[in-house]
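Shown here: start-v6.txt, compact mmCIF, C-alpha atoms.
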```
# COMPACT_ATOMS: atom_id res chain seq x y z
CA MET A 217 0.00 0.00 0.00
CA ARG A 218 1.33 3.43 -0.98
CA TYR A 219 0.45 6.56 0.98
CA PHE A 220 1.84 9.96 1.97
CA PHE A 221 2.72 11.24 5.44
CA THR A 222 3.71 14.78 6.43
CA SER A 223 5.60 16.23 9.42
CA GLU A 224 6.87 19.71 10.24
CA SER A 225 9.51 21.38 12.37
CA VAL A 226 10.44 24.96 13.30
CA THR A 227 13.61 26.89 14.15
CA GLU A 228 14.48 28.22 17.59
CA GLY A 229 13.36 31.67 16.44
CA HIS A 230 9.78 30.57 15.88
CA PRO A 231 7.63 32.30 18.53
CA ASP A 232 6.27 29.06 20.02
CA LYS A 233 9.77 27.60 20.22
CA LEU A 234 11.08 30.81 21.74
CA CYS A 235 8.57 30.27 24.55
CA ASP A 236 9.54 26.62 25.00
CA GLN A 237 13.17 27.68 25.36
CA VAL A 238 12.33 30.44 27.84
CA SER A 239 10.45 27.94 29.99
CA ASP A 240 13.27 25.39 29.90
CA ALA A 241 16.01 28.00 30.39
CA ILE A 242 14.32 29.00 33.64
CA LEU A 243 14.08 25.34 34.69
CA ASP A 244 17.79 24.86 33.92
CA ALA A 245 18.78 27.97 35.88
CA ILE A 246 16.93 26.66 38.93
CA TYR A 247 18.41 23.18 38.57
CA GLU A 248 21.92 24.63 38.50
CA LYS A 249 21.33 25.78 42.08
CA ASP A 250 18.47 23.66 43.40
CA PRO A 251 18.02 20.22 41.81
CA HIS A 252 14.93 19.64 43.94
CA GLY A 253 13.06 22.73 42.81
CA ARG A 254 9.55 22.36 41.43
CA VAL A 255 8.85 24.16 38.19
CA ALA A 256 5.79 24.57 35.99
CA CYS A 257 6.67 27.57 33.87
CA GLU A 258 4.82 28.96 30.86
CA ALA A 259 5.69 31.82 28.53
CA LEU A 260 3.81 33.90 25.99
CA VAL A 261 5.54 36.19 23.53
CA THR A 262 4.09 38.85 21.27
CA ARG A 263 5.21 42.16 19.79
CA GLY A 264 7.60 43.79 22.25
CA VAL A 265 6.89 41.69 25.33
CA ILE A 266 7.35 38.27 26.92
CA TYR A 267 5.07 37.11 29.73
CA VAL A 268 6.33 34.45 32.13
CA ALA A 269 3.84 32.77 34.45
CA GLY A 270 3.56 29.58 36.44
CA GLU A 271 4.21 27.82 39.71
CA ILE A 272 7.77 27.59 41.03
CA SER A 273 8.88 26.35 44.45
CA THR A 274 12.61 26.59 45.07
CA ALA A 275 15.19 27.39 47.73
CA CYS A 276 17.23 29.51 45.31
CA TYR A 277 16.83 32.81 43.49
CA VAL A 278 17.15 33.19 39.73
CA GLU A 279 16.88 36.45 37.84
CA ILE A 280 14.17 35.60 35.35
CA PRO A 281 14.34 38.81 33.24
CA ARG A 282 18.07 38.28 32.68
CA ILE A 283 17.53 34.62 31.75
CA VAL A 284 14.82 35.60 29.28
CA ARG A 285 16.83 38.37 27.64
CA ASN A 286 19.94 36.20 27.34
CA LEU A 287 17.87 33.50 25.69
CA VAL A 288 16.33 35.93 23.21
CA LYS A 289 19.83 37.23 22.39
CA GLU A 290 21.20 33.71 21.95
CA VAL A 291 18.40 32.79 19.56
CA GLY A 292 19.30 35.77 17.38
CA TYR A 293 16.83 38.56 18.06
CA THR A 294 19.55 41.20 18.39
CA ASP A 295 18.50 43.83 15.85
CA PRO A 296 15.70 46.34 16.63
CA ASN A 297 14.94 46.42 12.90
CA MET A 298 13.36 42.97 13.29
CA GLY A 299 10.68 44.61 15.45
CA PHE A 300 11.65 42.45 18.43
CA ASP A 301 14.99 42.26 20.22
CA TYR A 302 16.49 41.26 23.54
CA GLY A 303 17.43 44.77 24.60
CA SER A 304 14.07 46.46 24.24
CA CYS A 305 11.47 43.72 24.82
CA GLY A 306 9.51 43.88 28.05
CA VAL A 307 9.53 40.93 30.47
CA ILE A 308 6.47 40.59 32.69
CA ILE A 309 6.52 37.95 35.44
CA ALA A 310 3.65 36.33 37.34
CA ILE A 311 5.06 33.45 39.40
CA GLN A 312 3.57 31.73 42.45
CA GLU A 313 4.43 28.65 44.52
CA GLN A 314 3.30 25.14 43.66
CA SER A 315 0.01 24.16 45.27
CA SER A 316 0.48 22.43 48.63
CA ASP A 317 -2.19 19.92 47.58
CA ILE A 318 0.00 18.83 44.66
CA ALA A 319 3.18 18.88 46.76
CA ARG A 320 1.58 16.57 49.32
CA GLY A 321 1.42 13.78 46.74
CA VAL A 322 4.70 14.52 45.00
CA ASP A 323 6.81 14.76 48.17
CA VAL A 324 6.18 11.10 48.94
CA GLY A 325 7.14 10.00 45.43
CA GLY A 326 3.79 10.14 43.67
CA ALA A 327 3.06 11.51 40.21
CA GLY A 328 2.64 15.27 39.96
CA ASP A 329 -0.60 14.90 38.01
CA GLN A 330 -2.82 12.37 36.34
CA GLY A 331 -2.24 11.75 32.66
CA LEU A 332 -1.29 9.45 29.85
CA MET A 333 1.98 9.50 27.96
CA PHE A 334 3.19 7.77 24.81
CA GLY A 335 6.62 6.72 23.67
CA TYR A 336 7.48 5.36 20.25
CA ALA A 337 10.31 3.87 18.21
CA CYS A 338 10.59 2.28 14.78
CA SER A 339 13.25 1.03 12.39
CA GLN A 340 12.70 3.66 9.67
CA THR A 341 15.88 5.60 10.55
CA LYS A 342 19.14 5.05 12.44
CA GLU A 343 17.68 7.22 15.21
CA LEU A 344 14.77 4.72 15.43
CA MET A 345 12.36 7.53 14.64
CA PRO A 346 9.83 8.19 11.85
CA PHE A 347 11.59 9.52 8.77
CA PRO A 348 9.39 12.60 8.15
CA ILE A 349 10.04 14.27 11.51
CA ILE A 350 13.76 13.49 11.47
CA LEU A 351 14.09 15.05 8.01
CA ALA A 352 12.01 18.08 9.00
CA HIS A 353 14.27 18.66 12.02
CA LYS A 354 17.42 18.35 9.95
CA LEU A 355 16.17 20.94 7.48
CA VAL A 356 15.49 23.64 10.08
CA ARG A 357 18.67 22.86 12.00
CA ARG A 358 20.59 23.43 8.79
CA LEU A 359 18.60 26.61 8.12
CA SER A 360 19.67 27.93 11.52
CA GLN A 361 23.24 26.75 10.97
CA ILE A 362 23.75 28.70 7.75
CA ARG A 363 22.37 31.80 9.51
CA LYS A 364 24.59 31.46 12.58
CA GLU A 365 27.71 30.59 10.56
CA LYS A 366 26.94 33.51 8.22
CA LEU A 367 27.03 31.37 5.09
CA VAL A 368 24.37 33.86 4.02
CA ASP A 369 23.90 37.34 5.47
CA TYR A 370 20.18 37.93 5.16
CA LEU A 371 18.48 35.28 7.31
CA ARG A 372 16.63 36.03 10.54
CA PRO A 373 15.77 33.62 13.39
CA ASP A 374 12.24 32.50 12.47
CA GLY A 375 11.71 29.57 10.12
CA LYS A 376 9.76 26.41 9.37
CA SER A 377 10.04 23.20 7.41
CA GLN A 378 7.53 20.62 6.26
CA VAL A 379 8.15 17.36 4.45
CA THR A 380 5.80 14.89 2.81
CA ILE A 381 7.12 11.36 2.37
CA GLU A 382 5.73 8.68 0.09
CA TYR A 383 5.58 5.29 1.80
CA GLU A 384 5.22 1.76 0.60
CA GLY A 385 3.99 -0.14 3.64
CA ASN A 386 6.12 1.17 6.49
CA THR A 387 9.10 1.94 4.25
CA PRO A 388 9.87 5.52 3.16
CA LYS A 389 10.36 5.44 -0.62
CA ARG A 390 10.76 9.05 -1.74
CA VAL A 391 10.25 12.69 -0.83
CA GLU A 392 7.03 13.98 -2.33
CA ALA A 393 7.25 17.60 -1.14
CA ILE A 394 9.49 19.95 0.84
CA ILE A 395 8.37 23.29 2.23
CA ILE A 396 10.79 25.82 3.73
CA GLY A 397 9.83 29.14 5.28
CA ALA A 398 12.94 31.27 5.82
CA HIS A 399 12.71 34.57 7.73
CA HIS A 400 14.84 37.22 5.99
CA ASN A 401 15.68 40.90 5.77
CA SER A 402 14.28 43.32 3.20
CA GLU A 403 17.38 43.47 1.01
CA VAL A 404 17.58 39.92 -0.33
CA LYS A 405 15.88 39.09 -3.61
CA THR A 406 13.43 36.20 -3.52
CA GLU A 407 15.19 34.40 -6.39
CA LYS A 408 18.55 34.60 -4.58
CA LEU A 409 17.07 33.29 -1.33
CA ARG A 410 15.37 30.38 -3.07
CA GLU A 411 18.55 29.46 -4.92
CA ASP A 412 20.61 29.56 -1.70
CA ILE A 413 18.13 27.61 0.42
CA LYS A 414 17.76 24.91 -2.22
CA LYS A 415 21.53 24.48 -2.48
CA LEU A 416 22.67 25.09 1.11
CA VAL A 417 19.76 23.51 2.98
CA ILE A 418 17.66 21.11 0.92
CA GLU A 419 20.39 19.57 -1.26
CA TYR A 420 22.75 19.51 1.73
CA VAL A 421 20.29 17.61 3.95
CA VAL A 422 18.01 15.46 1.82
CA PRO A 423 19.50 12.19 0.46
CA LYS A 424 19.72 12.46 -3.33
CA GLU A 425 18.19 9.03 -3.81
CA MET A 426 15.04 10.17 -1.99
CA MET A 427 14.33 12.97 -4.46
CA ASP A 428 13.29 12.81 -8.11
CA LYS A 429 11.91 15.02 -10.88
CA ASN A 430 8.45 14.88 -9.31
CA THR A 431 9.54 16.11 -5.87
CA LYS A 432 7.86 19.46 -5.20
CA ILE A 433 9.90 22.20 -3.52
CA PHE A 434 8.32 25.34 -2.05
CA ILE A 435 10.60 28.02 -0.56
CA ASN A 436 8.84 31.05 0.90
CA ALA A 437 5.78 30.20 -1.12
CA THR A 438 4.13 33.63 -0.74
CA GLY A 439 7.29 35.29 -2.05
CA ARG A 440 8.40 37.17 1.07
CA PHE A 441 8.93 36.38 4.79
CA GLU A 442 10.30 39.71 6.06
CA ILE A 443 7.87 40.04 8.94
CA GLY A 444 8.49 37.15 11.30
CA GLY A 445 9.01 36.16 14.89
CA PRO A 446 6.86 37.66 17.68
CA VAL A 447 5.98 40.66 15.50
CA ALA A 448 4.07 38.39 13.14
CA ASP A 449 2.85 35.63 15.43
CA THR A 450 2.11 35.26 19.13
CA GLY A 451 3.97 32.33 20.69
CA VAL A 452 3.04 30.14 23.65
CA THR A 453 4.87 27.37 25.52
CA GLY A 454 3.73 23.88 24.57
CA ARG A 455 2.08 24.66 21.26
CA LYS A 456 4.42 22.51 19.15
CA ILE A 457 3.95 19.13 20.83
CA MET A 458 4.00 17.21 17.54
CA VAL A 459 7.27 18.90 16.57
CA ASP A 460 8.61 17.94 20.02
CA THR A 461 7.70 14.26 19.69
CA TYR A 462 7.04 12.11 16.61
CA GLY A 463 5.68 14.52 14.02
CA GLY A 464 2.16 13.13 14.31
CA TRP A 465 3.22 9.60 13.35
CA ALA A 466 2.66 8.21 16.85
CA ARG A 467 -0.03 9.08 19.35
CA HIS A 468 0.37 11.83 21.95
CA GLY A 469 -1.10 12.12 25.43
CA GLY A 470 -1.73 15.85 25.03
CA GLY A 471 0.58 17.31 27.68
CA CYS A 472 3.48 19.50 26.63
CA LEU A 473 7.05 18.82 27.78
CA SER A 474 8.86 22.14 28.15
CA GLY A 475 8.82 24.16 31.35
CA LYS A 476 8.06 21.18 33.58
CA ASP A 477 10.37 19.60 36.12
CA PRO A 478 10.49 15.78 35.94
CA THR A 479 8.09 15.20 38.85
CA LYS A 480 5.56 16.08 36.15
CA VAL A 481 4.98 12.80 34.36
CA ASP A 482 4.00 14.66 31.19
CA ARG A 483 7.74 15.03 30.78
CA SER A 484 9.48 12.23 32.68
CA ALA A 485 7.09 9.43 31.69
CA SER A 486 7.19 10.54 28.05
CA TYR A 487 10.96 10.17 28.23
CA MET A 488 10.69 6.76 29.89
CA ALA A 489 8.13 5.56 27.34
CA ARG A 490 10.48 6.54 24.50
CA TYR A 491 13.39 4.86 26.32
CA ILE A 492 11.42 1.62 26.63
CA ALA A 493 10.18 1.65 23.03
CA LYS A 494 13.64 2.43 21.65
CA ASN A 495 15.29 -0.38 23.60
CA ILE A 496 12.66 -2.85 22.43
CA VAL A 497 13.24 -1.95 18.77
CA ALA A 498 17.02 -1.82 19.24
CA ALA A 499 16.84 -5.33 20.77
CA ASP A 500 15.08 -6.49 17.57
CA LEU A 501 12.05 -7.66 19.55
CA ALA A 502 9.85 -5.57 17.23
CA SER A 503 10.43 -3.22 14.31
CA GLU A 504 7.83 -0.77 15.60
CA CYS A 505 6.74 -0.17 19.18
CA GLU A 506 4.43 2.25 20.96
CA ILE A 507 4.27 2.39 24.77
CA GLN A 508 1.54 4.04 26.80
CA LEU A 509 1.96 4.83 30.50
CA ALA A 510 -0.89 6.23 32.61
CA TYR A 511 -0.68 7.77 36.09
CA CYS A 512 -2.84 9.06 38.95
CA ILE A 513 -1.82 12.17 40.88
CA GLY A 514 -0.03 11.29 44.10
CA VAL A 515 0.30 7.58 43.17
CA ALA A 516 3.76 6.27 42.33
CA ASP A 517 3.10 3.22 40.15
CA PRO A 518 1.44 3.67 36.77
CA VAL A 519 -2.20 2.63 36.70
CA ALA A 520 -1.66 1.06 33.27
CA VAL A 521 1.10 0.00 30.88
CA MET A 522 0.26 -0.72 27.25
CA VAL A 523 2.49 -2.18 24.51
CA ASN A 524 1.57 -2.02 20.83
CA SER A 525 3.94 -3.45 18.24
CA PHE A 526 1.49 -3.05 15.35
CA GLY A 527 1.92 -6.72 14.55
CA THR A 528 5.72 -6.53 14.30
CA ALA A 529 6.60 -8.16 17.64
CA LYS A 530 8.79 -11.27 17.51
CA VAL A 531 7.79 -12.17 21.09
CA ASP A 532 4.51 -12.38 22.97
CA GLU A 533 3.27 -8.85 23.78
CA GLU A 534 1.84 -9.89 27.16
CA LYS A 535 5.24 -11.21 28.11
CA LEU A 536 6.78 -8.03 26.76
CA GLU A 537 4.66 -6.02 29.18
CA LYS A 538 5.94 -8.19 32.03
CA ALA A 539 9.50 -7.56 30.86
CA ILE A 540 8.89 -3.81 30.88
CA ARG A 541 7.58 -3.83 34.44
CA GLU A 542 10.50 -5.97 35.61
CA ILE A 543 13.34 -4.21 33.77
CA PHE A 544 12.36 -0.54 33.67
CA PRO A 545 11.64 1.74 36.66
CA LEU A 546 8.18 3.22 36.15
CA THR A 547 7.58 5.30 39.30
CA PRO A 548 8.29 9.03 38.95
CA GLN A 549 11.22 8.81 41.36
CA GLY A 550 12.53 5.68 39.68
CA ILE A 551 12.38 7.38 36.28
CA ILE A 552 14.09 10.51 37.60
CA ASN A 553 16.91 8.53 39.16
CA HIS A 554 17.45 6.14 36.25
CA LEU A 555 17.45 8.79 33.54
CA LYS A 556 19.34 11.33 35.70
CA LEU A 557 16.73 14.01 35.18
CA LEU A 558 17.59 16.37 38.07
CA ARG A 559 20.13 18.24 35.95
CA PRO A 560 20.11 21.43 33.84
CA ILE A 561 19.73 19.59 30.54
CA TYR A 562 16.42 20.92 29.30
CA LYS A 563 16.96 24.07 27.24
CA LYS A 564 18.59 22.11 24.42
CA THR A 565 15.60 19.73 24.30
CA ALA A 566 13.26 22.62 23.52
CA CYS A 567 14.26 22.82 19.82
CA TYR A 568 14.55 20.17 17.11
CA GLY A 569 12.73 17.47 19.06
CA HIS A 570 13.09 15.75 22.41
CA PHE A 571 13.61 12.39 20.71
CA GLY A 572 16.03 10.96 18.19
CA ARG A 573 18.83 13.11 19.65
CA GLU A 574 21.98 11.14 20.40
CA GLU A 575 23.62 13.98 22.30
CA ASN A 576 24.97 14.37 25.81
CA GLY A 577 22.17 14.56 28.37
CA PHE A 578 19.54 12.75 26.32
CA THR A 579 19.68 9.67 28.54
CA TRP A 580 16.28 8.43 27.32
CA GLU A 581 17.93 7.80 23.95
CA ASP A 582 20.36 5.24 25.43
CA THR A 583 19.96 1.61 24.37
CA ASP A 584 21.59 0.12 27.46
CA LYS A 585 18.70 -2.28 28.20
CA VAL A 586 18.98 -4.23 24.97
CA GLU A 587 20.88 -7.21 26.37
CA GLU A 588 18.69 -7.43 29.45
CA LEU A 589 15.57 -7.47 27.29
CA ARG A 590 17.02 -10.18 25.08
CA ARG A 591 17.94 -12.32 28.10
CA PHE A 592 14.39 -12.05 29.40
CA PHE A 593 13.16 -13.93 26.34
CA GLU A 594 15.86 -16.62 26.23
```

Translate the structure described by the file into structure tokens.
Amino acid sequence: MRYFFTSESVTEGHPDKLCDQVSDAILDAIYEKDPHGRVACEALVTRGVIYVAGEISTACYVEIPRIVRNLVKEVGYTDPNMGFDYGSCGVIIAIQEQSSDIARGVDVGGAGDQGLMFGYACSQTKELMPFPIILAHKLVRRLSQIRKEKLVDYLRPDGKSQVTIEYEGNTPKRVEAIIIGAHHNSEVKTEKLREDIKKLVIEYVVPKEMMDKNTKIFINATGRFEIGGPVADTGVTGRKIMVDTYGGWARHGGGCLSGKDPTKVDRSASYMARYIAKNIVAADLASECEIQLAYCIGVADPVAVMVNSFGTAKVDEEKLEKAIREIFPLTPQGIINHLKLLRPIYKKTACYGHFGREENGFTWEDTDKVEELRRFFE
């Protein structure tokens, strides 16, 4: 069966991603001083102002306006001509302590909220991720790279990618369409930008064998993308959850990841579910695996664990569930300890996906349980 599947990604200068990074930069700053702080931090950005709100309980002090401005500068909003920059934007803060009712359940090791989380892995790519989202991430990372390395001199921080892949069964066969939105200054000609982006981004990233004469390429399809970032679009933390996870290929529990300390199972259990699924696929027990974990606020053990191999499992799925419960820690505290989550590692997760990243700190991408899983089925 042939079909098409589409995923998108965005650069760190996209307003929603700017907010994700603000939220996680604040979490990191607290964790540098107080690894037991509790953080649920949201941001909203629009023309000229960033709002930061949420619930934070910590024994330390962090200067939130400085953190926010440094982040905006790092992303690249440094020129007032963009209509938004780190030096002139307002920072408005509305922070309160975490509810004592929530703390009562979390302090004894329970989950910080009820909820359901999904993790997924498949054999489509070396990262054990769906091909469309991996390719979409690589395109916008390259777009940001050529801006930061000044390979071109006209790009600005905002940007988006979208890819449509033609599949045969579960195998990616070719790229059907690529869309790039590249934020730019007023001087560059559209033809020059399109020529550069095709050569320096698309042809640099996309495997030649995946493209053909019928592949459609759209670069700044309206012609111009001079007005971008918070001037053009209000951003909010947690509004790019499909970009953060599996590009829509796998299911999602609905909770966002950024701005939450790991006592919030929206984040920590999503990481554990990915860790479990990836190890199962890496162990060659299935070529595709989706894990669901469900929790009750204040209760440590998950109320349910679900395994779905979509018919690809080489072992009994009921036994696979038993293996998961025996091999992997599933309580919030167990997850935090095993994945070493009480560290300032979160700002870099806020762009280009939380999964499929084999970089320092992404412990949920480790495949160190492969041999133990295999032994379970001997």

Separation of atom CA of Lys480 of chain A and atom CA of Gln508 of chain A, in Å?
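Between these atoms lies a distance of 15.8 Å.
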
Excluding Phe578 of chain A and its own-chain neighbours fewer than 3 positions away, which residues fall within 12 Å of it when counting all atoms listed in the file? Please give them as a list in words.
Ser484, Tyr487, Met488, Arg490, Tyr491, Leu555, Lys556, Leu557, Arg559, Pro560, Ile561, Tyr562, Lys563, Lys564, Thr565, Gly569, His570, Phe571, Gly572, Arg573, Glu574, Glu575, Glu581, Asp582 and Thr583 of chain A

Cut-off 8 Å: closest segment 376-450 of chain A/segment 291-314 of chain A atom pairs per residue, using all atoms listed in the file, as CSV:
```
residue,atom,partner,partner_atom,distance
A:Ile443,CA,A:Met298,CA,7.6
A:Gly444,CA,A:Met298,CA,7.8
A:Gly445,CA,A:Phe300,CA,7.7
A:Pro446,CA,A:Phe300,CA,6.8
A:Val447,CA,A:Gly299,CA,6.1
```

Around the point (-1.4, 3.5, 33.4) in the file's coordinates, collect all residues with an atom within 12 Å, using all atoms listed in the file, and return them as a ChimeraX atom specification.
/A:327,330-334,469,481,485,489,507-513,515-523,541,546-547

Atom pair atom CA of Asp460 of chain A / atom CA of Gly335 of chain A: separation (Å):
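Separation of atom CA of Asp460 of chain A and atom CA of Gly335 of chain A: 12.0 Å.
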
Give the answer as one residue: which of A:Ser377, A:Lys456, A:Tyr383, A:Cys505 has the shortest atom-to-atom distance to Ile433 of chain A, using only C-alpha atoms?
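Using only C-alpha atoms, Ile433 of chain A sits closest to A:Ser377.
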
Would you mind listing what lies within 9 Å of Arg455 of chain A as number ranges by chain, with all atoms listed in the file counted and same-chain residues fewer than 6 positions away left out?
A: 232-233, 236, 472

Proximity to Glu419 of chain A - best of A:Lys354, A:Tyr267, A:Ala275, A:Leu367, only C-alpha atoms:
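Nearest candidate to Glu419 of chain A out of A:Lys354, A:Tyr267, A:Ala275, A:Leu367: A:Lys354.
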
Return the single residue from A:Glu224, A:Asp584, A:Glu534, A:Glu542 that is closest to Ala352 of chain A, with distances computed using all atoms listed in the file.
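Among A:Glu224, A:Asp584, A:Glu534, A:Glu542, it is A:Glu224 that comes nearest to Ala352 of chain A.
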
So the first atom is atom CA of Cys257 of chain A and the second is atom CA of Asp240 of chain A; what is the distance between them in Å, to one decimal place?
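Between atom CA of Cys257 of chain A and atom CA of Asp240 of chain A the gap works out to 8.0 Å.
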
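For the choices A:Ala566, A:Leu558, A:Leu501, A:Val459, the atom-to-atom distance to Leu589 of chain A is smallest for A:Leu501 when using only C-alpha atoms.
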
Show me, as CSV, the residues of segment 310-380 of chain A having an atom within 12 Å of segment 387-403 of chain A, each with the closest atom pair and its distance in Å, using all atoms listed in the file.
```
residue,atom,partner,partner_atom,distance
A:Cys338,CA,A:Thr387,CA,10.6
A:Ser339,CA,A:Thr387,CA,9.2
A:Gln340,CA,A:Thr387,CA,6.7
A:Thr341,CA,A:Pro388,CA,9.5
A:Met345,CA,A:Pro388,CA,11.9
A:Pro346,CA,A:Pro388,CA,9.1
A:Phe347,CA,A:Pro388,CA,7.1
A:Pro348,CA,A:Pro388,CA,8.7
A:Leu351,CA,A:Ile394,CA,9.8
A:Ala352,CA,A:Ile394,CA,8.7
A:His353,CA,A:Ile396,CA,11.5
A:Lys354,CA,A:Ile396,CA,11.8
A:Leu355,CA,A:Ile396,CA,8.2
A:Val356,CA,A:Ile396,CA,8.2
A:Arg357,CA,A:Ile396,CA,11.8
A:Arg358,CA,A:Ile396,CA,11.3
A:Leu359,CA,A:Ala398,CA,7.7
A:Ser360,CA,A:Ala398,CA,9.4
A:Ile362,CA,A:Ala398,CA,11.3
A:Arg363,CA,A:His400,CA,9.9
A:Val368,CA,A:His400,CA,10.3
A:Asp369,CA,A:Asn401,CA,9.0
A:Tyr370,CA,A:Asn401,CA,5.4
A:Leu371,CA,A:His400,CA,4.3
A:Arg372,CA,A:His400,CA,5.0
A:Pro373,CA,A:His399,CA,6.5
A:Asp374,CA,A:His399,CA,5.2
A:Gly375,CA,A:Ala398,CA,4.8
A:Lys376,CA,A:Gly397,CA,4.9
A:Ser377,CA,A:Ile396,CA,4.6
A:Gln378,CA,A:Ile395,CA,4.9
A:Val379,CA,A:Ile394,CA,4.6
A:Thr380,CA,A:Ala393,CA,5.0
```
